[in-house]
Amino acid sequence: MAPSASLSRRYARRFALPVLGVLLLAFAASIGLRVYAHRQGVTALRADASRIARQQERLLNSELQRFRLLPIVLAEYPDVGAALRNGSPQAVERLNDKLRGLAERTGAPVIYAIDREGRTVSASNAGQRDSFVGRDYGFRPYFRQALRTGTAEYFALGNTSHRPGLFLARRIGSAAAPDGVVVVKVEFARIVQAWASDPGQTLLLDDHGVVVVTTDPDAQFTVMRPLTPMARGEIKQSQQFGERRLRPSPFRITGGEATARDGTRYVAGATPAPLPRWQLVHVLPLAPALREADGWVRSVTALIAIGLVGLTLLAIWRRTRAERALLAREALEAEVARRTAELRASNDRLTIEIAERIRADQRFRAAREELAQANRLGSLGSITAGVAHEINQPVAAIRTLADNARTFLSREQPDKADGNLTTIVSLTERIGSIVQEMRRFARRGTQGLAQVSLDEVLDGTMLLIGDRFRSAGVVLERPAGGALPAVIAGRVRLEQVLVNLLQNALDAVAGRSDPRVRLSVIERSDGIELTVEDNGPGLDPAIATEIFTPFVTGKPDGLGLGLGIARDIMTEFGGMLETMESSLGGAGFRIRMRAA
């Protein structure tokens with residue numbers, strides 16, 4: 001039996017065990033990869049849900065800002081006050097025409113004016129079958145709050161149209177002697193249609209946890225958490241949702257995960273809505289992300305298994321080739337030894353024959369001296385030719401065999417598998433870089449956050465507003481004691497917040513005999529606090545609790561938007577903007593930020 005055949009069968013018997021071990025290793029790797037891929041998939045999906053929620057909140061905020069300007073504009077129409085004060089038919093008719101045209105141009109469902117007694121005197125749908133004119137809305141919370149505070153925003157089912165919407169109300173006239181309230185109703189059909197273009201479902205929750213606007217019709221007017229008896233009483237008294245029964249929500253949201261009634265799992269992203277204590281939640285189904293992760297795991301596991309099997313086969317092939325080369329070398333050495341022995345025996349026989357011929361020549365030398373001499377010379381020529389012929393053939397064979405042996409020992413076989421393995425490694429490195437926005441996008445309305453020096457921020461702020469302080473003769477006390485710490489923020493937007501607060505403080509101390517504004521920085525274990533205080537008259541108690549609500553302001557000519565924007569910026573930074581008691585006796589604001 002040939003040694004190579006025996007070697008091949010021996011390695012064939014040992015081939016199954018390494019391959020089985022490789023497959024078990026690939027299986028173990030697939031389990032670890034599956035856990036990793038699922039975790040990364042959930043993380044990427046949660047980032048997508050949060051990104052979509054923020055994107056949809058910006059869309060909602062943009063839409064509301066457009067309609068929030070309408071009550072402010074209407075307050076400047078002289079016909080509004082005239083129609084509300086004396087109910088002049090001419091003023092009412094002109095106001096009806098203005099409201100109708102304004103509603104058509106802006107897309108508002110209805111705009112109407114209510115007198116101080118709660119009766120609607122003018123509306124954009126005057127003359128229509130569902131006209132609001134003459135209806136009593138004195139029981140509506142938005143009417144009462146607008147008379148009391150100046151503005152109100154209230155979500156409810158329309159008492160006449162039975163369609164849900166957000167009612168934006170603004171008082172006409174002074175708080176002491178109001179003429180009435182002008183109201184703009186905002187409906188969300190167009191917003192919901194835009195939201196529906198994104199994957200998943202969107203839920204807009206009011207301050208009681210009621211889903212008031214959603215892309216899922218089954219979830220509308222459901223509650224995320226049990227209502228308190230007080231909340232139920234308020235909803236019933238104001239007829240906020242008419243005769244609708246508020247059912248439990250089809251989603252149960254816990255942290256960043258949500259579960260439907262049928263057991264379907266979701267990932268939830270939430271962000272504050274542009275209404276006090278409202279929240280916008282976006283949920284994405286988890287199953288597609290897990291399926292995509294499993295597909296990635298299968299592909300990577302297959303590549304790993306192929307690579308490991310290839311490496312194992314390469315190792316076996318190299319080991320087999322080395323043993324085959326050893327056997328070939330041993331066989332060659334045995335053959336060389338056999339041929340050498342044969343040549344040595346031939347040489348011995350030739351030596352004996354030559355010796356016998358020499359002795360024969362010596363026996364005939366005395367008798368035939370001259371013939372013997374000639375014969376010896378002839379015999380010598382013949383013997384020399386025969387020896388040359390007999391030696392040349394084995395020497396040539398030895399050289400050939402030696403050259404072949406040297407060739408076998410020095411020859412290198414091409415490693416055909418190396419190219420394939422290199423290609424496999426290159427492919428594995430490329431797939432690992434898209435799943436890393438699944439993802440990515442991986443993951444998921446502005447400038448990014450970075451490490452910002454408060455010294456640079458304050459210097460930049462003073463470049464913007466310092467001249468106003470100097471011109472007004474107002475003392476601005478800045479933090480002393482060396483370099484200030486760095487925080488995580490966007491420099492330009494943080495300067496925007498400080499400029500807003502300092503301008504408000506400057507306006508507040510105008511006319512004071514000793515106007516002062518103080519900036520302080522305090523380092524705490526949980527972050528950095530920056531305070532802005534003044535010795536002005538302080539915040540009006542009537543609006544202090546709603547100072548960050550849009551259109552709530554203590555300035556006669558203010559819109560009430562600056563502090564709301566400043567609070568939103570700080571929320572985006574992961575910080576907070578809140579009021580505080582001023583050590584100087586006026587108004588005080590505290591900014592909380594993350595330390596760098």
# chains A, B, ... in the order shown; residues from 1 in each chain; ligands from 1
call {"tool": "residues_around", "arguments": {"residues": "A:Lys236", "least_positions_apart": "4", "cutoff": "12 Å", "atoms": "only C-alpha atoms", "output": "list in words"}}
result
Phe139, Arg140, Pro141, Ala156, Leu227, Pro229, Met230, Ala231, Arg232, Gln240, Phe241, Gly242, Glu243, Arg244, Arg245 and Leu246 of chain A
call {"tool": "closest_atom_pairs", "arguments": {"of": "stretch 46-113 of chain A", "to": "stretch 159-183 of chain A", "cutoff": "9 Å", "atoms": "only C-alpha atoms", "output": "JSON lines"}}
result
{"residue": "A:Phe67", "atom": "CA", "partner": "A:Leu168", "partner_atom": "CA", "distance": 8.1}
{"residue": "A:Arg68", "atom": "CA", "partner": "A:Leu168", "partner_atom": "CA", "distance": 6.8}
{"residue": "A:Leu70", "atom": "CA", "partner": "A:Leu168", "partner_atom": "CA", "distance": 8.9}
{"residue": "A:Pro71", "atom": "CA", "partner": "A:Arg170", "partner_atom": "CA", "distance": 5.9}
{"residue": "A:Ile72", "atom": "CA", "partner": "A:Arg170", "partner_atom": "CA", "distance": 7.4}
{"residue": "A:Leu74", "atom": "CA", "partner": "A:Val182", "partner_atom": "CA", "distance": 7.5}
{"residue": "A:Ala75", "atom": "CA", "partner": "A:Ile172", "partner_atom": "CA", "distance": 6.1}
{"residue": "A:Val80", "atom": "CA", "partner": "A:Ile172", "partner_atom": "CA", "distance": 8.0}
{"residue": "A:Gly81", "atom": "CA", "partner": "A:Asp179", "partner_atom": "CA", "distance": 6.4}
{"residue": "A:Ala82", "atom": "CA", "partner": "A:Asp179", "partner_atom": "CA", "distance": 8.8}
{"residue": "A:Leu84", "atom": "CA", "partner": "A:Asp179", "partner_atom": "CA", "distance": 5.7}
{"residue": "A:Arg85", "atom": "CA", "partner": "A:Asp179", "partner_atom": "CA", "distance": 5.7}
{"residue": "A:Val110", "atom": "CA", "partner": "A:Val183", "partner_atom": "CA", "distance": 8.4}
{"residue": "A:Ile111", "atom": "CA", "partner": "A:Val183", "partner_atom": "CA", "distance": 5.7}
{"residue": "A:Tyr112", "atom": "CA", "partner": "A:Val183", "partner_atom": "CA", "distance": 5.4}
{"residue": "A:Ala113", "atom": "CA", "partner": "A:Val182", "partner_atom": "CA", "distance": 4.3}
call {"tool": "atom_distance", "arguments": {"atom1": "atom CA of A:Leu157", "atom2": "atom CA of A:Glu187"}}
result
10.2 Å
call {"tool": "closest_atom_pairs", "arguments": {"of": "stretch 518-571 of chain A", "to": "stretch 453-470 of chain A", "cutoff": "10 Å", "atoms": "only C-alpha atoms", "output": "tab-separated table"}}
result
residue	atom	partner	partner_atom	distance
A:Leu519	CA	A:Leu458	CA	9.6
A:Val521	CA	A:Leu454	CA	9.1
A:Leu530	CA	A:Leu454	CA	9.5
call {"tool": "residues_around", "arguments": {"residues": "A:Asp507", "least_positions_apart": "3", "cutoff": "10 Å", "atoms": "only C-alpha atoms", "output": "compact mmCIF listing (two decimals) with all heavy atoms, in the first residue's frame"}}
result
# COMPACT_ATOMS: atom_id res chain seq x y z
N ALA A 472 -26.83 102.70 29.99
CA ALA A 472 -27.89 102.89 30.99
C ALA A 472 -27.34 103.16 32.37
O ALA A 472 -28.10 103.45 33.30
CB ALA A 472 -28.79 101.65 31.02
N LEU A 501 -31.98 86.94 29.31
CA LEU A 501 -32.16 87.20 30.74
C LEU A 501 -31.59 88.56 31.14
O LEU A 501 -32.20 89.28 31.95
CB LEU A 501 -31.49 86.09 31.55
CG LEU A 501 -32.08 84.68 31.38
CD1 LEU A 501 -31.28 83.68 32.21
CD2 LEU A 501 -33.55 84.66 31.78
N LEU A 502 -30.43 88.91 30.59
CA LEU A 502 -29.82 90.20 30.95
C LEU A 502 -30.64 91.37 30.40
O LEU A 502 -30.74 92.42 31.05
CB LEU A 502 -28.38 90.25 30.45
CG LEU A 502 -27.40 89.32 31.19
CD1 LEU A 502 -26.04 89.33 30.51
CD2 LEU A 502 -27.27 89.74 32.65
N GLN A 503 -31.21 91.21 29.22
CA GLN A 503 -32.06 92.28 28.69
C GLN A 503 -33.29 92.48 29.58
O GLN A 503 -33.69 93.62 29.87
CB GLN A 503 -32.49 91.93 27.27
CG GLN A 503 -31.41 92.16 26.23
CD GLN A 503 -31.88 91.82 24.83
OE1 GLN A 503 -32.76 91.00 24.66
NE2 GLN A 503 -31.29 92.43 23.83
N ASN A 504 -33.90 91.36 30.01
CA ASN A 504 -35.05 91.47 30.90
C ASN A 504 -34.64 92.16 32.20
O ASN A 504 -35.39 93.01 32.73
CB ASN A 504 -35.63 90.09 31.20
CG ASN A 504 -36.33 89.50 30.00
OD1 ASN A 504 -36.63 90.20 29.03
ND2 ASN A 504 -36.60 88.20 30.04
N ALA A 510 -34.64 99.64 35.02
CA ALA A 510 -34.67 100.98 34.43
C ALA A 510 -35.43 101.94 35.35
O ALA A 510 -36.52 101.63 35.84
CB ALA A 510 -35.33 100.93 33.05
N GLY A 511 -34.87 103.09 35.59
CA GLY A 511 -35.53 104.08 36.43
C GLY A 511 -35.19 103.96 37.90
O GLY A 511 -35.63 104.80 38.71
N GLY A 536 -34.83 94.99 40.58
CA GLY A 536 -36.04 95.60 40.05
C GLY A 536 -37.27 95.26 40.87
O GLY A 536 -37.19 94.77 42.01
N LYS A 555 -44.33 92.61 30.54
CA LYS A 555 -44.03 93.86 29.84
C LYS A 555 -45.27 94.32 29.07
O LYS A 555 -45.94 93.50 28.42
CB LYS A 555 -42.87 93.66 28.87
CG LYS A 555 -41.56 93.26 29.56
CD LYS A 555 -40.46 93.10 28.52
CE LYS A 555 -39.16 92.67 29.17
NZ LYS A 555 -38.09 92.49 28.17
call {"tool": "select_by_dssp", "arguments": {"residues": "stretch 178-362 of chain A", "states": "alpha helix (DSSP H)", "output": "PyMOL selection string"}}
result
chain A and resi 189-195+229-238+287-362
call {"tool": "residues_around", "arguments": {"residues": "stretch 219-226 of chain A", "least_positions_apart": "3", "cutoff": "9 Å", "atoms": "only C-alpha atoms", "output": "number ranges by chain"}}
result
A: 203, 205, 208-216, 241, 244-253
call {"tool": "residues_around", "arguments": {"residues": "A:Asp136", "least_positions_apart": "3", "cutoff": "9 Å", "atoms": "only C-alpha atoms", "output": "VMD selection string"}}
result
chain A and resid 114 117 to 120 132 to 133 139
call {"tool": "write_last_selection", "arguments": {"atoms": "N, CA and C atoms", "output": "PDB file, in the first residue's frame"}}
result
ATOM      1  N   ILE A 114     -65.993  86.444  21.780  1.00  0.00           N
ATOM      2  CA  ILE A 114     -66.960  86.223  22.857  1.00  0.00           C
ATOM      3  C   ILE A 114     -66.948  87.451  23.757  1.00  0.00           C
ATOM      4  N   GLU A 117     -69.610  88.322  28.909  1.00  0.00           N
ATOM      5  CA  GLU A 117     -70.607  87.460  29.541  1.00  0.00           C
ATOM      6  C   GLU A 117     -70.543  86.023  29.022  1.00  0.00           C
ATOM      7  N   GLY A 118     -69.702  85.767  28.024  1.00  0.00           N
ATOM      8  CA  GLY A 118     -69.554  84.413  27.501  1.00  0.00           C
ATOM      9  C   GLY A 118     -70.365  84.144  26.256  1.00  0.00           C
ATOM     10  N   ARG A 119     -71.033  85.156  25.694  1.00  0.00           N
ATOM     11  CA  ARG A 119     -71.859  84.972  24.492  1.00  0.00           C
ATOM     12  C   ARG A 119     -71.047  85.342  23.251  1.00  0.00           C
ATOM     13  N   THR A 120     -71.107  84.475  22.214  1.00  0.00           N
ATOM     14  CA  THR A 120     -70.388  84.729  20.972  1.00  0.00           C
ATOM     15  C   THR A 120     -71.128  85.789  20.169  1.00  0.00           C
ATOM     16  N   PHE A 132     -71.351  79.850  15.295  1.00  0.00           N
ATOM     17  CA  PHE A 132     -71.130  79.999  16.734  1.00  0.00           C
ATOM     18  C   PHE A 132     -71.827  81.232  17.292  1.00  0.00           C
ATOM     19  N   VAL A 133     -72.297  82.121  16.446  1.00  0.00           N
ATOM     20  CA  VAL A 133     -72.880  83.384  16.887  1.00  0.00           C
ATOM     21  C   VAL A 133     -74.094  83.099  17.769  1.00  0.00           C
ATOM     22  N   PHE A 139     -68.902  78.710  30.051  1.00  0.00           N
ATOM     23  CA  PHE A 139     -68.486  77.593  30.893  1.00  0.00           C
ATOM     24  C   PHE A 139     -67.129  77.034  30.484  1.00  0.00           C
TER      25      PHE A 139
END
call {"tool": "atom_distance", "arguments": {"atom1": "atom CA of A:Gly586", "atom2": "atom CA of A:Leu539"}}
result
7.5 Å
call {"tool": "residues_around", "arguments": {"residues": "A:Val35", "least_positions_apart": "4", "cutoff": "10 Å", "atoms": "only C-alpha atoms", "output": "PyMOL selection string"}}
result
chain A and resi 30-31+39-41+293-294+297
call {"tool": "write_last_selection", "arguments": {"atoms": "C-alpha atoms", "output": "compact mmCIF listing (two decimals), in the first residue's frame"}}
result
# COMPACT_ATOMS: atom_id res chain seq x y z
CA SER A 30 -23.59 33.36 16.99
CA ILE A 31 -25.21 33.37 20.44
CA ARG A 39 -28.94 45.28 22.11
CA GLN A 40 -27.56 47.48 19.32
CA GLY A 41 -30.81 47.17 17.35
CA ALA A 293 -30.45 41.95 13.69
CA ASP A 294 -31.03 38.18 13.37
CA VAL A 297 -26.13 37.59 12.89
call {"tool": "atom_distance", "arguments": {"atom1": "atom CA of A:Ala322", "atom2": "atom CA of A:Leu25"}}
result
27.1 Å
call {"tool": "select_by_dssp", "arguments": {"residues": "stretch 167-200 of chain A", "states": "strand (DSSP E)", "output": "ChimeraX atom specification"}}
result
/A:167-173,178-186
call {"tool": "write_last_selection", "arguments": {"atoms": "N, CA, C and O atoms", "output": "tab-separated table (two decimals), in the first residue's frame"}}
result
chain	number	residue	atom	x	y	z
A	167	PHE	N	-58.03	75.34	21.43
A	167	PHE	CA	-58.62	76.68	21.43
A	167	PHE	C	-57.59	77.66	22.00
A	167	PHE	O	-57.16	77.52	23.16
A	168	LEU	N	-57.19	78.65	21.18
A	168	LEU	CA	-56.24	79.68	21.57
A	168	LEU	C	-57.02	80.95	21.85
A	168	LEU	O	-57.63	81.53	20.93
A	169	ALA	N	-57.05	81.39	23.10
A	169	ALA	CA	-57.88	82.52	23.49
A	169	ALA	C	-56.99	83.66	23.98
A	169	ALA	O	-55.95	83.44	24.60
A	170	ARG	N	-57.47	84.92	23.71
A	170	ARG	CA	-56.75	86.10	24.19
A	170	ARG	C	-57.78	87.15	24.61
A	170	ARG	O	-58.77	87.38	23.91
A	171	ARG	N	-57.50	87.75	25.74
A	171	ARG	CA	-58.42	88.76	26.27
A	171	ARG	C	-58.32	90.04	25.46
A	171	ARG	O	-57.25	90.46	25.05
A	172	ILE	N	-59.47	90.68	25.25
A	172	ILE	CA	-59.56	91.99	24.61
A	172	ILE	C	-59.89	93.00	25.70
A	172	ILE	O	-60.89	92.84	26.42
A	173	GLY	N	-59.07	94.02	25.82
A	173	GLY	CA	-59.28	94.99	26.87
A	173	GLY	C	-58.40	94.71	28.07
A	173	GLY	O	-57.61	93.78	28.10
A	178	PRO	N	-62.44	94.03	31.06
A	178	PRO	CA	-62.28	93.33	29.78
A	178	PRO	C	-63.51	93.50	28.89
A	178	PRO	O	-64.64	93.56	29.37
A	179	ASP	N	-63.24	93.59	27.59
A	179	ASP	CA	-64.34	93.63	26.62
A	179	ASP	C	-64.82	92.23	26.25
A	179	ASP	O	-65.97	92.05	25.87
A	180	GLY	N	-63.94	91.27	26.34
A	180	GLY	CA	-64.29	89.90	25.95
A	180	GLY	C	-63.05	89.12	25.58
A	180	GLY	O	-61.93	89.46	25.98
A	181	VAL	N	-63.24	88.09	24.78
A	181	VAL	CA	-62.15	87.18	24.42
A	181	VAL	C	-62.27	86.84	22.94
A	181	VAL	O	-63.38	86.61	22.45
A	182	VAL	N	-61.14	86.81	22.23
A	182	VAL	CA	-61.12	86.34	20.85
A	182	VAL	C	-60.46	84.96	20.85
A	182	VAL	O	-59.49	84.73	21.56
A	183	VAL	N	-61.04	84.03	20.09
A	183	VAL	CA	-60.63	82.64	20.14
A	183	VAL	C	-60.33	82.14	18.73
A	183	VAL	O	-61.07	82.43	17.79
A	184	VAL	N	-59.22	81.39	18.60
A	184	VAL	CA	-58.86	80.71	17.35
A	184	VAL	C	-58.81	79.21	17.64
A	184	VAL	O	-58.12	78.78	18.56
A	185	LYS	N	-59.56	78.44	16.87
A	185	LYS	CA	-59.53	76.99	17.04
A	185	LYS	C	-58.53	76.38	16.05
A	185	LYS	O	-58.52	76.73	14.87
A	186	VAL	N	-57.70	75.48	16.55
A	186	VAL	CA	-56.71	74.79	15.72
A	186	VAL	C	-57.05	73.30	15.71
A	186	VAL	O	-57.18	72.68	16.76
call {"tool": "closest_atom_pairs", "arguments": {"of": "stretch 158-247 of chain A", "to": "stretch 47-51 of chain A", "cutoff": "10 Å", "atoms": "only C-alpha atoms", "output": "tab-separated table"}}
result
residue	atom	partner	partner_atom	distance
A:Pro199	CA	A:Ala49	CA	9.2
A:Gly200	CA	A:Ala49	CA	8.5
A:Gln201	CA	A:Ala49	CA	9.8
A:Thr202	CA	A:Ala49	CA	9.7
call {"tool": "write_last_selection", "arguments": {"atoms": "N, CA, C and O atoms", "output": "PDB file, in the first residue's frame"}}
result
ATOM      1  N   PRO A 199     -42.606  56.069  10.131  1.00  0.00           N
ATOM      2  CA  PRO A 199     -42.963  54.736  10.633  1.00  0.00           C
ATOM      3  C   PRO A 199     -43.396  54.815  12.086  1.00  0.00           C
ATOM      4  O   PRO A 199     -42.979  55.697  12.832  1.00  0.00           O
ATOM      5  N   GLY A 200     -44.224  53.853  12.503  1.00  0.00           N
ATOM      6  CA  GLY A 200     -44.663  53.804  13.887  1.00  0.00           C
ATOM      7  C   GLY A 200     -45.901  54.656  14.122  1.00  0.00           C
ATOM      8  O   GLY A 200     -46.594  55.093  13.191  1.00  0.00           O
ATOM      9  N   GLN A 201     -46.214  54.903  15.396  1.00  0.00           N
ATOM     10  CA  GLN A 201     -47.392  55.661  15.794  1.00  0.00           C
ATOM     11  C   GLN A 201     -46.958  56.815  16.691  1.00  0.00           C
ATOM     12  O   GLN A 201     -46.005  56.699  17.463  1.00  0.00           O
ATOM     13  N   THR A 202     -47.694  57.936  16.587  1.00  0.00           N
ATOM     14  CA  THR A 202     -47.414  59.121  17.378  1.00  0.00           C
ATOM     15  C   THR A 202     -48.608  59.419  18.286  1.00  0.00           C
ATOM     16  O   THR A 202     -49.754  59.369  17.839  1.00  0.00           O
TER      17      THR A 202
END
call {"tool": "closest_residue", "arguments": {"among": "A:Thr571, A:Asn125, A:Thr259, A:Thr149", "to": "A:Val283", "atoms": "only C-alpha atoms"}}
result
A:Thr259
